[in-house]
Structures are given as structure tokens and as C-alpha cells.
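Below: one structure, written as C-alpha cells.
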2 protein chains.
Amino acid sequence: MTLPVPFAQRLTARTLALNTRLCLGLDPREAAYSDVAALRAHTLALLDACADLVACVKPQLAFYEALGLAGMELLEEVCEAARRLDLPIILDAKRGDIGSTAAAYARAWLGGRHAGAALTVSPWLGFETLEPFVAAAQQHGGAVFVLVKTSNPGQADVQGGGNAERVADELTRLGAQQGGVLSNIGLSSIGAVIGATHPQELSAWRARLPHSPLLLPGLGAQGAQARDLAGAFFEGGTGAVVSASRGIQYAAGCDLGAALRAARGFRDELNAALERAERS
Amino acid sequence: MTLPVPFAQRLTARTLALNTRLCLGLDPREAAYSDVAALRAHTLALLDACADLVACVKPQLAFYEALGLAGMELLEEVCEAARRLDLPIILDAKRGDIGSTAAAYARAWLGGRHAGAALTVSPWLGFETLEPFVAAAQQHGGAVFVLVKTSNPGQADVQGGGNAERVADELTRLGAQQGGVLSNIGLSSIGAVIGATHPQELSAWRARLPHSPLLLPGLGAQGAQARDLAGAFFEGGTGAVVSASRGIQYAAGCDLGAALRAARGFRDELNAALERAERS
């Protein structure tokens, strides 16, 4: 039996080989298209066109679920296409539940045909509820990205008061406890979501989560700027990816050329920010 | 245009007409069956057999997702069957996301063919993120059940320290603000999940959430006892439902007779507890 190559390992290798820290968000927003066929065609064409510009892709399950069964079929097709392109997949599903129900979600999105993928997970139900997800990720060479501090203005309502920090510390503890830190890259399979909209805090989160791959959403439509995000990365520019969704996929309506230029722009701005940070 | 009858109204009417506060959890646990066809047959037969014993049904999405596309088709079939039986549906999906993504989840599970259903929702991303769900529920005659204090031992990790209480107070504020309290039954479309495994606290949660329908999971397999739960109800025995899943569906393997006896037992124990409480 061949052991699967862990998600963090594949993500890091790709980041370095292609010199990109960009994560392509794939949100098939119904309103942007005449029908599901057009949406499918554009989403798959975008994935194909952007493959060499991005470190990974992040389908947002909400938009697929909103299309009903046809959407769930499209999600499988998008994941299959990403696997053919050797693109690491982050399933942005924000799942969370208790006990055997959490284990069922983990089977659904970290096992079977989704083995090797990463999944975003909510910590609201308590630390024990993360364990089935972490176990499945480790078994199948995947990863989890736990929602620590999200990109929206209202996150502090519930994540404030030290709650986000306590979740982060638990992730660090869990990562070490499971012996899952890959010594060559310094990363475990237990990642964290930290909104790119909190640029002043990124160095502190990087330090607080020393072994977690970081997923930073919020680039583009949500207002985060690539030039502010260097603090989230390790020296050498690994350890984090920054995602843009609308800002690429709908850069100018559904124009593929505009989407490509937007992706290239984000990639280059991130790299420039990292170069400036290393020089200073 | 006919306005839809709100979820809370339908739930209350059914509770009183059939004298039942039981919610039937429908978790098609793969391991219990030889194949998806057997699982489908048992799940639909159970729904049919239990319809008059329960106030509502609660499909747990994790178990359907774990079956892939066939599972998602089964979920639609189960919901269609429940609608034919006039059974209010609580989709236990524990969804949560921000802005337009939350709106996509709300379209997926509270609109379209799921108009009139209720959805469980996580508050971790902040209070603003509840609003698209509440808006969709009100528009379509559905409801949301926000995870306030869950039934699992580790809930206090994140829900402790006053967090569950702050979420509850926000639900009460939101319910009043939206003018959504139905005066005849005293309930809004903004419900709360409170684990049945916290029996000493139920009266306090009932008082703190004066207009929220309460969903109490944890009966049976998780160890909660029907006799301890009267505190969650209004006088007259409305305002809450108690769910059992494994404890009914797999009462004795997949035996339908045993499942029926279990459901009848839970229903009667809940009613007896309410009668004792009213006498005392």
C-alpha cells in the first residue's frame, strides 16, 4: 500500500514549483449565467485556464447546493477536473457536528472519491468534534482548515473575547499531539482560516499557529489587498494560501481573459509583497 | 398569492392535534444496511409508519452526503415523502457562512423545493451571518434553529464562558426586531437548538428564549431522558420538540416494529412528564 502524500506537502510543493500562493475560489453564482450549462462550461474553462497560476482551488459548496442535484453533480465534475490537473482541493463546506455525525461528514468530504482533499470545519460544537475530521484527513492524506477568525465584519460577535485565540491554541495542541507535523515543511494537516481582511494581525496568527497551513479568504471583492498579507507566510513564502473567488471568476462579467488577468495580478502582487518583506 | 403558513404555526398545530412533541431523526447510517436500496426502503417505511406519532422529522444531512449523489437523491425523496404526509421538516445541516454565501445556503435549503422547511444554523461566523437565513425562512414560511447549546460533552469549549447565552439573547432580539412573533402561539421563526442532555438548564433557556421554538436533540442514544425535559415547554405543552434518531430508527437493528414501539414510548414519556409538571 502506498501512503498518500499529505495535502500540506502537495500544497507546499506546488507553491514552490509554480511560485504561486493564490487559491482559486470556484463559486458558480447562478445569477451570473443564463443556465446551469453555461455556468458549468465557464467554471470548468476557468479551472483549466488558471491551473498553472494557482496553488490550489476552493469550491464553495453553498453555490453548488443552491443548484440542487445538478449542482452536486457539477461539484463532483469540478473536483474530478481539479484532480486530473493535480490541483489540491479545499472543499469550503464549513461543516461541523458531533460524534458519529461529524464522522459521516468526514467520510463524505475527506474520504472516498474526495480522499486527499481538505475541508473547512467549524469549531462551534467543541474541540472533541474536530477529531473525526482530523482523523479522516490524516488517514487519507487530506487536511482540515478550521474557522478561527473569519473575514467578515461581524466575526467578533462570537469569535471575539479570546474565543478565536483559544480555538487556535487547540489546533496547535492537536497538531503536535497527533504527531502530524511534517518536519520537512513544518506543517501539520490541521490548518486554520484567518480572514485576509485582518492584515495587522497576520504575523501574530502565524506565530500562534506555527504548524498550521493558513487559508486567507477575502482578497478582491471583500477588500483585502495582496500587498498587506506577507505576515501570514513562513520565510521562503510557504505555509499559507490566499483565496479570491468573485474577484477572479467574475472579474468582468464572465470574461475568461479578464479572469486570467485578475488571477495573474493577484499572484504577482502576493509574490511582490513577499519579496518586499524578505528584503526589509 | 397565498401567504405560506409559518413553520412554527404548523408545528404547534400538529403538536396539539396529535398530542406529540417528538421529532423523528432520520439518519440513514450506511453501516446498518446491506446497500443503499435497503437503506432507502427502511427510511421511507419508517417515515410512513411513524408519521402520526411525531410532530416533525429531522433528516441529518451528514448521513445523506456520506452516500454521495445517491444520498442527495434519497434526501430529496425523504423530504418529498414528508411533505406529502404534511410533516414539518427540520433539515439538520448546521450550515453557516458569510454574506452572499450564507444567502446561497439559504436558497438551497429554505427556498425552492424546500420552502417551508426549517434549517439548523451555526452562529460561529457572527450575528450578521444569521440574517440571510432568517430572511429566507420568513419569506418562505420556514424557520431556523440556531445552535445555542449542543448536546455533546465538549460543547462548553466554545459555547461556554457566556457565549451560548449571548447567542440566545441575539436570537430573542432578532425575533422581536423582525416583528416575527406570532401572537397566537408566542413563537417566532427563529428557533434554538438546546441539547436535551442539559435537563437542569431547560427552564432557564425557555425563559431566556421566550419566543423561540426549541429543538432538543439527545433523547435515547445520547442518554437524555424524556422525564427530565418538561422545563423546555410552554404551559400547554407547546414551544419545543425533542428529537431521537438512532434511538428510534435503530431501536433493534432495523426492525420497524421496534422502531414504532420506541417512538410511541418516547412520545408517551414526554407527555407524561408534561402532565406531571402541570400537576405540580
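Going by the C-alpha cells order, chains are called A, B, ..., each with residues numbered from 1, while ligands are numbered from 1 in the order shown.
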Please, which residues in chain A fall within 7 Å of chain B when counting only C-alpha atoms, and what is the closest atom pair and distance in Å to one decimal for each, ordered by chain then residue number, as a tab-separated table?
residue	atom	partner	partner_atom	distance
A:Ala62	CA	B:Tyr105	CA	5.0
A:Phe63	CA	B:Ala104	CA	5.7
A:Glu65	CA	B:Ala108	CA	5.7
A:Ala66	CA	B:Ala108	CA	4.0
A:Gly68	CA	B:Ala108	CA	7.0
A:Lys94	CA	B:Gly96	CA	6.9
A:Arg95	CA	B:Arg95	CA	7.0
A:Gly96	CA	B:Lys94	CA	6.9
A:Ile98	CA	B:Asn152	CA	6.7
A:Thr101	CA	B:Ala62	CA	6.1
A:Ala104	CA	B:Ala62	CA	5.5
A:Tyr105	CA	B:Ala62	CA	5.0
A:Arg107	CA	B:Ala66	CA	5.8
A:Ala108	CA	B:Ala66	CA	4.0
A:Trp124	CA	B:Val158	CA	5.7
A:Leu125	CA	B:Gln155	CA	5.2
A:Gly126	CA	B:Gln155	CA	4.7
A:Phe127	CA	B:Asp157	CA	6.5
A:Glu128	CA	B:Gly154	CA	6.0
A:Thr150	CA	B:Leu125	CA	6.8
A:Asn152	CA	B:Ile98	CA	6.7
A:Gly154	CA	B:Gly126	CA	5.1
A:Gln155	CA	B:Gly126	CA	4.7
A:Ala156	CA	B:Gly126	CA	6.7
A:Asp157	CA	B:Gly126	CA	5.1
A:Val158	CA	B:Gly126	CA	5.5
A:Gln159	CA	B:Trp124	CA	6.8
A:Asn163	CA	B:Val158	CA	6.9
Near Ala82 of chain B, counting only C-alpha atoms, which residues have an atom at most 9 Å away, once you skip same-chain residues fewer than 3 positions from it, shown as a PyMOL selection string?
-> chain B and resi 47-48+51+56-57+77-79+85-89
Can you list, as a ChimeraX atom specification, every residue of segment 43-248 of chain A that DSSP puts in helix (DSSP H, G or I)?
-> /A:43-53,61-65,68-84,99-110,112-114,127-140,153-159,163-177,199-208,226-228,230-232,246-248
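Between atom CA of Ala117 of chain A and atom CA of Glu235 of chain A the interatomic distance comes to 25.4 Å.
Note that the spacing between atom CA of Gln138 of chain A and atom CA of Pro6 of chain A amounts to 7.6 Å.
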Could you pull out all residues of segment 21-266 of chain A with a DSSP call of strand (DSSP E or B) and give them as a ChimeraX atom specification?
-> /A:22-26,56-60,89-95,118-121,143-149,182,187,190-194,214-217,219,224,240-244
What would the file look like if the residues just selected were written as a compact mmCIF listing (two decimals), in the first residue's frame with N, CA and C atoms?
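In the end it all went to out_21.txt:
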# COMPACT_ATOMS: atom_id res chain seq x y z
N LEU A 22 -1.70 31.67 -4.56
CA LEU A 22 -3.10 32.02 -4.82
C LEU A 22 -3.98 30.77 -4.79
N CYS A 23 -5.13 30.91 -4.15
CA CYS A 23 -6.14 29.85 -4.16
C CYS A 23 -7.33 30.35 -4.97
N LEU A 24 -7.72 29.57 -5.96
CA LEU A 24 -8.82 29.97 -6.84
C LEU A 24 -10.15 29.51 -6.26
N GLY A 25 -10.96 30.47 -5.83
CA GLY A 25 -12.30 30.13 -5.34
C GLY A 25 -13.24 29.89 -6.50
N LEU A 26 -13.97 28.78 -6.45
CA LEU A 26 -14.91 28.46 -7.53
C LEU A 26 -16.34 28.49 -7.00
N CYS A 56 -3.90 26.07 -5.40
CA CYS A 56 -4.99 25.14 -5.09
C CYS A 56 -6.30 25.78 -5.50
N VAL A 57 -7.38 24.99 -5.42
CA VAL A 57 -8.71 25.52 -5.74
C VAL A 57 -9.64 25.29 -4.56
N LYS A 58 -10.65 26.14 -4.47
CA LYS A 58 -11.58 26.08 -3.34
C LYS A 58 -13.02 26.22 -3.84
N PRO A 59 -13.65 25.08 -4.15
CA PRO A 59 -15.08 25.15 -4.46
C PRO A 59 -15.88 25.50 -3.19
N GLN A 60 -16.81 26.42 -3.32
CA GLN A 60 -17.66 26.83 -2.20
C GLN A 60 -18.96 26.04 -2.30
N ILE A 89 -7.35 20.40 -3.55
CA ILE A 89 -8.73 20.91 -3.45
C ILE A 89 -9.07 21.22 -2.00
N ILE A 90 -9.55 22.43 -1.76
CA ILE A 90 -10.11 22.76 -0.44
C ILE A 90 -11.62 22.87 -0.61
N LEU A 91 -12.34 21.93 -0.02
CA LEU A 91 -13.80 21.97 -0.08
C LEU A 91 -14.29 22.93 0.99
N ASP A 92 -14.82 24.07 0.55
CA ASP A 92 -15.24 25.07 1.53
C ASP A 92 -16.69 24.80 1.90
N ALA A 93 -16.85 24.00 2.93
CA ALA A 93 -18.18 23.49 3.31
C ALA A 93 -18.54 23.92 4.72
N LYS A 94 -17.56 24.35 5.49
CA LYS A 94 -17.78 24.81 6.87
C LYS A 94 -18.66 23.84 7.65
N ARG A 95 -18.36 22.55 7.54
CA ARG A 95 -19.13 21.54 8.23
C ARG A 95 -18.75 21.48 9.70
N ALA A 118 -8.90 18.82 1.23
CA ALA A 118 -9.02 19.49 2.52
C ALA A 118 -10.45 19.98 2.67
N LEU A 119 -10.88 20.18 3.91
CA LEU A 119 -12.26 20.59 4.21
C LEU A 119 -12.23 21.71 5.24
N THR A 120 -13.03 22.76 5.02
CA THR A 120 -13.17 23.77 6.08
C THR A 120 -14.19 23.28 7.11
N VAL A 121 -13.88 23.51 8.39
CA VAL A 121 -14.64 22.93 9.50
C VAL A 121 -14.88 24.01 10.56
N ALA A 143 -6.56 17.37 4.67
CA ALA A 143 -6.32 18.37 5.70
C ALA A 143 -7.65 18.96 6.14
N VAL A 144 -7.65 19.60 7.31
CA VAL A 144 -8.80 20.41 7.70
C VAL A 144 -8.32 21.85 7.83
N PHE A 145 -9.20 22.78 7.51
CA PHE A 145 -8.97 24.20 7.78
C PHE A 145 -10.08 24.65 8.73
N VAL A 146 -9.72 24.86 9.99
CA VAL A 146 -10.72 25.21 10.99
C VAL A 146 -10.93 26.73 10.98
N LEU A 147 -12.20 27.13 11.06
CA LEU A 147 -12.54 28.55 11.05
C LEU A 147 -12.10 29.19 12.36
N VAL A 148 -11.02 29.92 12.33
CA VAL A 148 -10.50 30.57 13.54
C VAL A 148 -10.98 32.02 13.61
N LYS A 149 -10.66 32.80 12.59
CA LYS A 149 -11.09 34.20 12.58
C LYS A 149 -11.48 34.56 11.15
N LEU A 182 4.81 17.62 9.68
CA LEU A 182 5.80 17.13 8.71
C LEU A 182 7.07 17.96 8.87
N LEU A 187 4.66 21.77 8.66
CA LEU A 187 3.20 21.91 8.65
C LEU A 187 2.51 20.62 9.07
N ILE A 190 -3.59 20.14 10.12
CA ILE A 190 -4.64 20.92 10.79
C ILE A 190 -4.42 22.40 10.51
N GLY A 191 -5.10 22.89 9.50
CA GLY A 191 -4.96 24.27 9.08
C GLY A 191 -5.97 25.18 9.75
N ALA A 192 -5.85 26.46 9.46
CA ALA A 192 -6.75 27.46 10.04
C ALA A 192 -7.17 28.46 8.97
N VAL A 193 -8.41 28.90 9.08
CA VAL A 193 -8.90 30.00 8.24
C VAL A 193 -8.75 31.30 9.03
N ILE A 194 -8.02 32.23 8.45
CA ILE A 194 -7.84 33.57 9.04
C ILE A 194 -8.16 34.57 7.92
N LEU A 214 -2.26 28.06 6.60
CA LEU A 214 -3.29 29.10 6.75
C LEU A 214 -4.00 29.31 5.41
N LEU A 215 -5.32 29.44 5.49
CA LEU A 215 -6.14 29.80 4.34
C LEU A 215 -6.71 31.18 4.61
N LEU A 216 -6.35 32.14 3.75
CA LEU A 216 -6.78 33.52 3.95
C LEU A 216 -7.78 33.92 2.88
N PRO A 217 -9.07 33.90 3.18
CA PRO A 217 -10.03 34.38 2.21
C PRO A 217 -10.24 35.89 2.35
N LEU A 219 -9.57 38.23 -0.45
CA LEU A 219 -8.87 39.02 -1.46
C LEU A 219 -9.86 39.45 -2.53
N ALA A 224 -9.62 42.88 0.84
CA ALA A 224 -8.24 42.68 1.29
C ALA A 224 -7.28 42.95 0.12
N ALA A 240 1.00 29.31 3.67
CA ALA A 240 -0.30 29.98 3.56
C ALA A 240 -0.72 30.07 2.10
N VAL A 241 -2.02 30.15 1.90
CA VAL A 241 -2.57 30.49 0.58
C VAL A 241 -3.65 31.54 0.79
N VAL A 242 -3.81 32.37 -0.24
CA VAL A 242 -4.77 33.47 -0.16
C VAL A 242 -5.82 33.23 -1.25
N SER A 243 -7.09 33.27 -0.87
CA SER A 243 -8.09 32.93 -1.88
C SER A 243 -8.87 34.14 -2.36
N ALA A 244 -9.16 34.13 -3.64
CA ALA A 244 -10.07 35.10 -4.26
C ALA A 244 -11.09 34.29 -5.05
Do you know which residues are at most 9 Å from Gln139 of chain A counting only C-alpha atoms, after dropping those on the same chain fewer than 2 positions away, and could you put them as a list in words?
->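 Contacts, with the query itself left out: Leu3, Pro4, Gly111, Ala115, Val134, Ala135, Ala136, Ala137, Gly141 and Gly142 of chain A.
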Grab the residues selected above and save them as a PDB file, in the first residue's frame with all heavy atoms.
ATOM      1  N   LEU A   3       1.425   5.045   0.858  1.00  0.00           N
ATOM      2  CA  LEU A   3       0.839   6.078   1.716  1.00  0.00           C
ATOM      3  C   LEU A   3       0.536   7.310   0.866  1.00  0.00           C
ATOM      4  O   LEU A   3       1.331   7.691   0.012  1.00  0.00           O
ATOM      5  CB  LEU A   3       1.819   6.441   2.833  1.00  0.00           C
ATOM      6  CG  LEU A   3       1.870   5.463   4.003  1.00  0.00           C
ATOM      7  CD1 LEU A   3       2.933   5.879   4.994  1.00  0.00           C
ATOM      8  CD2 LEU A   3       0.519   5.370   4.690  1.00  0.00           C
ATOM      9  N   PRO A   4      -0.611   7.944   1.101  1.00  0.00           N
ATOM     10  CA  PRO A   4      -0.913   9.145   0.318  1.00  0.00           C
ATOM     11  C   PRO A   4       0.023  10.296   0.701  1.00  0.00           C
ATOM     12  O   PRO A   4       0.441  10.408   1.854  1.00  0.00           O
ATOM     13  CB  PRO A   4      -2.361   9.468   0.711  1.00  0.00           C
ATOM     14  CG  PRO A   4      -2.580   8.798   2.033  1.00  0.00           C
ATOM     15  CD  PRO A   4      -1.666   7.605   2.067  1.00  0.00           C
ATOM     16  N   GLY A 111     -13.025  11.447   2.589  1.00  0.00           N
ATOM     17  CA  GLY A 111     -12.763  10.048   2.230  1.00  0.00           C
ATOM     18  C   GLY A 111     -13.281   9.746   0.832  1.00  0.00           C
ATOM     19  O   GLY A 111     -13.674  10.653   0.090  1.00  0.00           O
ATOM     20  N   ALA A 115     -10.836  11.639  -1.116  1.00  0.00           N
ATOM     21  CA  ALA A 115      -9.598  11.375  -0.368  1.00  0.00           C
ATOM     22  C   ALA A 115      -8.502  12.309  -0.872  1.00  0.00           C
ATOM     23  O   ALA A 115      -8.335  12.482  -2.083  1.00  0.00           O
ATOM     24  CB  ALA A 115      -9.185   9.917  -0.551  1.00  0.00           C
ATOM     25  N   VAL A 134     -10.098  15.445  11.729  1.00  0.00           N
ATOM     26  CA  VAL A 134      -8.636  15.347  11.723  1.00  0.00           C
ATOM     27  C   VAL A 134      -8.209  13.910  11.430  1.00  0.00           C
ATOM     28  O   VAL A 134      -7.296  13.672  10.623  1.00  0.00           O
ATOM     29  CB  VAL A 134      -8.060  15.824  13.080  1.00  0.00           C
ATOM     30  CG1 VAL A 134      -6.576  15.497  13.185  1.00  0.00           C
ATOM     31  CG2 VAL A 134      -8.308  17.326  13.257  1.00  0.00           C
ATOM     32  N   ALA A 135      -8.892  12.958  12.032  1.00  0.00           N
ATOM     33  CA  ALA A 135      -8.535  11.548  11.810  1.00  0.00           C
ATOM     34  C   ALA A 135      -8.702  11.166  10.342  1.00  0.00           C
ATOM     35  O   ALA A 135      -7.831  10.513   9.756  1.00  0.00           O
ATOM     36  CB  ALA A 135      -9.401  10.647  12.700  1.00  0.00           C
ATOM     37  N   ALA A 136      -9.815  11.585   9.737  1.00  0.00           N
ATOM     38  CA  ALA A 136     -10.043  11.249   8.322  1.00  0.00           C
ATOM     39  C   ALA A 136      -9.022  11.938   7.433  1.00  0.00           C
ATOM     40  O   ALA A 136      -8.523  11.353   6.471  1.00  0.00           O
ATOM     41  CB  ALA A 136     -11.465  11.648   7.909  1.00  0.00           C
ATOM     42  N   ALA A 137      -8.704  13.190   7.747  1.00  0.00           N
ATOM     43  CA  ALA A 137      -7.719  13.928   6.947  1.00  0.00           C
ATOM     44  C   ALA A 137      -6.376  13.202   7.001  1.00  0.00           C
ATOM     45  O   ALA A 137      -5.714  13.009   5.971  1.00  0.00           O
ATOM     46  CB  ALA A 137      -7.585  15.357   7.451  1.00  0.00           C
ATOM     47  N   GLY A 141      -4.590  11.500   3.676  1.00  0.00           N
ATOM     48  CA  GLY A 141      -3.683  12.477   3.086  1.00  0.00           C
ATOM     49  C   GLY A 141      -4.354  13.805   2.782  1.00  0.00           C
ATOM     50  O   GLY A 141      -3.932  14.530   1.880  1.00  0.00           O
ATOM     51  N   GLY A 142      -5.393  14.134   3.532  1.00  0.00           N
ATOM     52  CA  GLY A 142      -6.075  15.415   3.346  1.00  0.00           C
ATOM     53  C   GLY A 142      -5.684  16.417   4.411  1.00  0.00           C
ATOM     54  O   GLY A 142      -4.593  16.339   4.987  1.00  0.00           O
TER      55      GLY A 142
END
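Using only C-alpha atoms, the shortest contact distance between Leu18 of chain B and any of B:Gly162, B:Gly237, B:Asp35, B:Gly186 is found at B:Gly237.
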Which distance in Å separates atom CA of Thr12 of chain B and atom CA of Phe233 of chain B, to one decimal?
->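 Here the two named atoms are 11.5 Å from each other.
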